[in-house]
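> Structure incoming, see below.
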Amino acid sequence: MSEKLVELLLIKDNPYQGRQAYEDIDLLGRSIAIDGLQEMPKARVTPPLTPPHSKGRNGEGNTYQLKFGHRRREAFRWLAANWQKENLPDRYDGYKVMPLDIEELTDEEMFRGAVIENEQRKNLNPIEQAEMMLVYKDRFKKSSDEIGQLFGMSGATVRGLVRLLELPAAVKDKIASGEISQGAARKLLTIARVDESQIESAVKNFAAGESAEDVIENAMRRSDSAFTMHNSWSDGTPRAGQGLWGLDTKAEKFPSSYLPDLKAADVAKALELEFTADLRTKIEDYIVAAKNHPEYVSQFGETHKVPEDVEIMERIGHLLTPPSCTGCVFHAVADRTHYCGFKACHSRKRAAWVRSEMEKLSKKLKIAIYDPAKDGKAVLPLVEGSYNDEGKKHAKLVADNDPDLRLQPHKNEYSLHKWTDSNLVRVILVGKKVTAVKEKKREAASSEQARVEAQRKQAEMERAFLDASRKFTTEYAIKIFAAAFKGFENIPVLCALAGVRAASKNAKKADVLAELHGRLARKALDNLDGYDWRLLEKGPAACAKYLQGVATAWGLKLPADFAEVAKGYTPVSAETEEKKGKVKK
């Protein structure tokens with residue numbers, strides 16, 4: 001290490017300095033002029049040596065790269081231009097030179113110096129920070145965890161910051177300027193991960209002044225890849241669904257041992273990839289590697305440069321060891337509504353949660369878990385009310401701890417299942433009791449179906465009889481009973497009695513009288529006590545028998561074949577049913 005005064009023109013930036021702008025340089029300059037330089041900047045001779053820029057007082061042709069001290073260098077530049085007019089002391093030859101500690105420094109030491117300087121002063125915005133992290137990763141082959149050690153954060157946080165660089169340039173500019181907060185930027189990243197097709201419209205909405213909450217909500221509701229776990233109007237702790245785990249449940253507290261086996265097809269479906277034979281082999285190899293060496297998942301992105309393969313491995317790691325929902329990159333919150341953007345993960349966690357709850361309930365209630373292979377497919381859910389006989393019988397089965405009771409997964413959207421006090425598990429019955437109950441229900445259903453069918457046919461026959469009776473009356477009987485009014489020939493009076501307008505002047509009198517007599521006969525029959533729909537439903541033969549009595553009372557002589565003509569109006573199908581004895585008369 002050596003100390004030396006170096007001309008400002010020869011002092012260059014650290015090549016890894018991510019900072020673009022400096023603030024309050026005049027304040028620092030005045031402090032240096034009044035109190036002196038409190039800490040000497042460190043630098044190295046620029047490798048390789050370059051032709052002399054200025055011999056100056058150094059007597060050398062070298063330039064120097066700062067390890068740190070960029071603000072002090074800027075303060076010296078300010079002083080060189082302003083110390084005289086500001087009437088400040090001249091401590092360093094008019095501030096044209098600055099003292100440096102000269103060291104032999106590697107590129108990595110230079111990089112670490114730039115990071116430490118900026119981190120101490122919180123000088124970098126999130127985009128500048130992410131860019132420096134990416135340089136450290138690519139230039140010095142560092143893992144996310146190693147980068148995190150330098151920047152004072154976790155490897156996961158590092159990966160999250162670096163991913164900000166995946167956002168469109170317009171968005172990164174807004175993040176750098178502070179127009180979009182880092183939190184809002186992460187929400188945009190969530191949108192991009194959940195459904196990349198939504199990111200463009202989300203950015204436009206941000207640019208139009210829409211709030212981060214509204215942008216997230218609209219994108220998640222439009223996306224087929226996302227769904228709502230907890231609504232803003234739901235009571236209590238935010239959960240992954242009714243009766244499911246709390247969203248802040250730590251990964252180590254989650255019953256991950258109950259997660260289903262992960263299949264290659266599950267991964268391909270989750271990523272919407274064409275499931276070819278080659279892809280199956282690749283995914284299966286990755287699953288084995290991730291299971292046997294979990295640390296391999298976080299290192300995969302450092303060693304493999306194919307984005308598709310990195311995403312596959314990251315998703316496999318995610319599915320095998322799901323994180324806490326609130327710490328998940330696919331989790332988003334807008335207006336106190338929580339969304340999940342990775343359905344495959346949620347489905348696996350739900351299956352594990354339900355299985356865990358069934359195991360606990362099985363021990364508590366001493367009821368076995370339903371196994372279709374052993375118990376058969378015939379099951380009967382227990383009635384959860386005791387207001388009828390069946391409910392009372394089922395309550396007794398539970399009270400007696402019947403050996404044929406089983407626990408079965410079942411989602412209850414609105415309330416808890418009575419016998420389990422769970423939204424997710426219900427009690428069912430298996431075995432011979434179910435077969436007997438279902439047989440009785442089938443018999444009852446068959447009997448009821450037969451009864452309903454008989455009623456349908458009866459109603460159909462009655463409608464057919466009714467129509468036939470009306471036809472017989474209109475087409476045949478009325479003409480005969482009209483003879484009772486032949487003595488009345490005063491057409492105006494007849495029109496008034498029949499309730500019709502005056503007859504046409506051009507009509508023949510005989511035709512008019514025949515029409516009016518028929519109308520009067522129709523009205524007369526309709527006014528008879530007993531000649532109504534109930535009689536008509538019994539059919540033309542029953543009507544004919546009734547009308548024979550009316551004819552006698554009116555002093556009319558009916559044709560000898562009156563009854564036979566009436567039978568001719570009876571529907572053929574009805575006659576058949578009558579012969580079978582199936583039609584009530």
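Naming scheme: A, B, ... for chains in displayed order of the structure tokens; residues 1 onward per chain; ligands 1 onward as shown.
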List every residue of region 422-538 of chain A that has an atom at most 7 Å from any atom of region 382-392 of chain A, giving for each one its closest atom pair and the distance in Å to one decimal, counting only C-alpha atoms, sorted by chain and then by ascending residue number, as a Markdown table.


```
| residue | atom | partner | partner_atom | distance |
| --- | --- | --- | --- | --- |
| A:Val427 | CA | A:Leu382 | CA | 6.0 |
| A:Ile428 | CA | A:Leu382 | CA | 5.4 |
| A:Leu429 | CA | A:Leu382 | CA | 6.8 |
```

> Tell me which protein, DNA and RNA residues are within 8 Å of Arg406 (chain A), counting only C-alpha atoms, leaving out same-chain ones fewer than 2 positions away, and put them as number ranges by chain.

A: 367-370, 404, 408, 427-430

> Dump N, CA and C atoms for the selected residues as a short mmCIF file (atom, residue, chain, number, x, y, z; two decimals), in the first residue's frame?


```cif
data_model
loop_
_atom_site.label_atom_id
_atom_site.label_comp_id
_atom_site.auth_asym_id
_atom_site.auth_seq_id
_atom_site.Cartn_x
_atom_site.Cartn_y
_atom_site.Cartn_z
N ILE A 367 -62.55 -43.46 13.07
CA ILE A 367 -63.23 -43.85 11.83
C ILE A 367 -62.17 -43.99 10.74
N ALA A 368 -62.19 -45.10 10.02
CA ALA A 368 -61.18 -45.35 8.99
C ALA A 368 -61.39 -44.42 7.80
N ILE A 369 -60.31 -44.22 7.04
CA ILE A 369 -60.37 -43.41 5.82
C ILE A 369 -60.83 -44.28 4.66
N TYR A 370 -61.71 -43.74 3.85
CA TYR A 370 -62.29 -44.49 2.73
C TYR A 370 -61.23 -44.90 1.72
N ASP A 404 -68.78 -49.73 9.56
CA ASP A 404 -68.87 -49.42 8.13
C ASP A 404 -68.81 -47.93 7.83
N GLN A 408 -64.24 -39.34 4.08
CA GLN A 408 -64.02 -39.09 2.65
C GLN A 408 -63.82 -37.58 2.43
N VAL A 427 -68.41 -37.80 6.60
CA VAL A 427 -68.55 -39.21 6.97
C VAL A 427 -69.48 -39.88 5.96
N ILE A 428 -69.09 -41.06 5.50
CA ILE A 428 -69.90 -41.84 4.58
C ILE A 428 -70.09 -43.24 5.13
N LEU A 429 -71.02 -43.96 4.53
CA LEU A 429 -71.29 -45.36 4.91
C LEU A 429 -70.93 -46.25 3.73
N VAL A 430 -70.31 -47.40 4.01
CA VAL A 430 -69.96 -48.36 2.97
C VAL A 430 -70.50 -49.74 3.38
#
```

> Which residues come within 8 Å of Pro323 (chain A), counting only C-alpha atoms, excluding same-chain residues fewer than 3 positions away, as JSON, numbers by chain?

{"A": [250, 251, 318, 327, 328]}

> Take the selection from the previous step and output its residues with N, CA and C atoms, as a tab-separated table (two decimals), in the first residue's frame.


```tsv
chain	number	residue	atom	x	y	z
A	250	LYS	N	-45.65	-21.26	7.75
A	250	LYS	CA	-44.27	-21.49	7.34
A	250	LYS	C	-44.14	-22.85	6.65
A	251	ALA	N	-43.18	-22.93	5.74
A	251	ALA	CA	-42.99	-24.16	4.99
A	251	ALA	C	-42.72	-25.34	5.91
A	318	HIS	N	-40.18	-26.00	-6.67
A	318	HIS	CA	-41.33	-25.35	-6.06
A	318	HIS	C	-42.41	-26.38	-5.69
A	327	GLY	N	-44.68	-15.92	1.11
A	327	GLY	CA	-43.31	-15.75	0.64
A	327	GLY	C	-43.10	-16.28	-0.76
A	328	CYS	N	-44.19	-16.58	-1.45
A	328	CYS	CA	-44.12	-17.22	-2.77
A	328	CYS	C	-44.14	-16.17	-3.88
```

> Leaving out region 195-205 of chain A and any residue of its chain fewer than 2 positions from it, which residues lie within 9 Å of it when counting only C-alpha atoms, given as a PyMOL selection string?

chain A and resi 167-168+170-171+188-193+207-212+214-216+218-220+222-226+341

> So how far away is CA of Val329 (chain A) from CA of Thr249 (chain A), in Å?

15.2 Å

> Considering only C-alpha atoms, return as a short mmCIF file (atom, residue, chain, number, x, y, z; two decimals) with N, CA and C atoms, in the first residue's frame whatever protein or nucleic-acid residues lie within 9 Å of Asp107 (chain A), sequence-local ones (same chain, fewer than 4 positions apart) excluded.


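Written out: around_7.cif:
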```cif
data_model
loop_
_atom_site.label_atom_id
_atom_site.label_comp_id
_atom_site.auth_asym_id
_atom_site.auth_seq_id
_atom_site.Cartn_x
_atom_site.Cartn_y
_atom_site.Cartn_z
N PRO A 15 -14.71 0.43 -12.49
CA PRO A 15 -15.48 -0.09 -13.63
C PRO A 15 -16.76 -0.80 -13.21
N TYR A 16 -16.88 -1.12 -11.91
CA TYR A 16 -18.07 -1.83 -11.43
C TYR A 16 -18.99 -0.91 -10.63
N PHE A 111 -14.84 -4.86 -7.35
CA PHE A 111 -16.30 -4.98 -7.38
C PHE A 111 -16.85 -4.90 -5.96
N ARG A 112 -16.25 -5.65 -5.05
CA ARG A 112 -16.73 -5.66 -3.68
C ARG A 112 -16.61 -4.26 -3.06
N PHE A 140 -18.00 -12.95 -12.16
CA PHE A 140 -17.20 -13.67 -11.16
C PHE A 140 -17.78 -15.04 -10.79
#
```
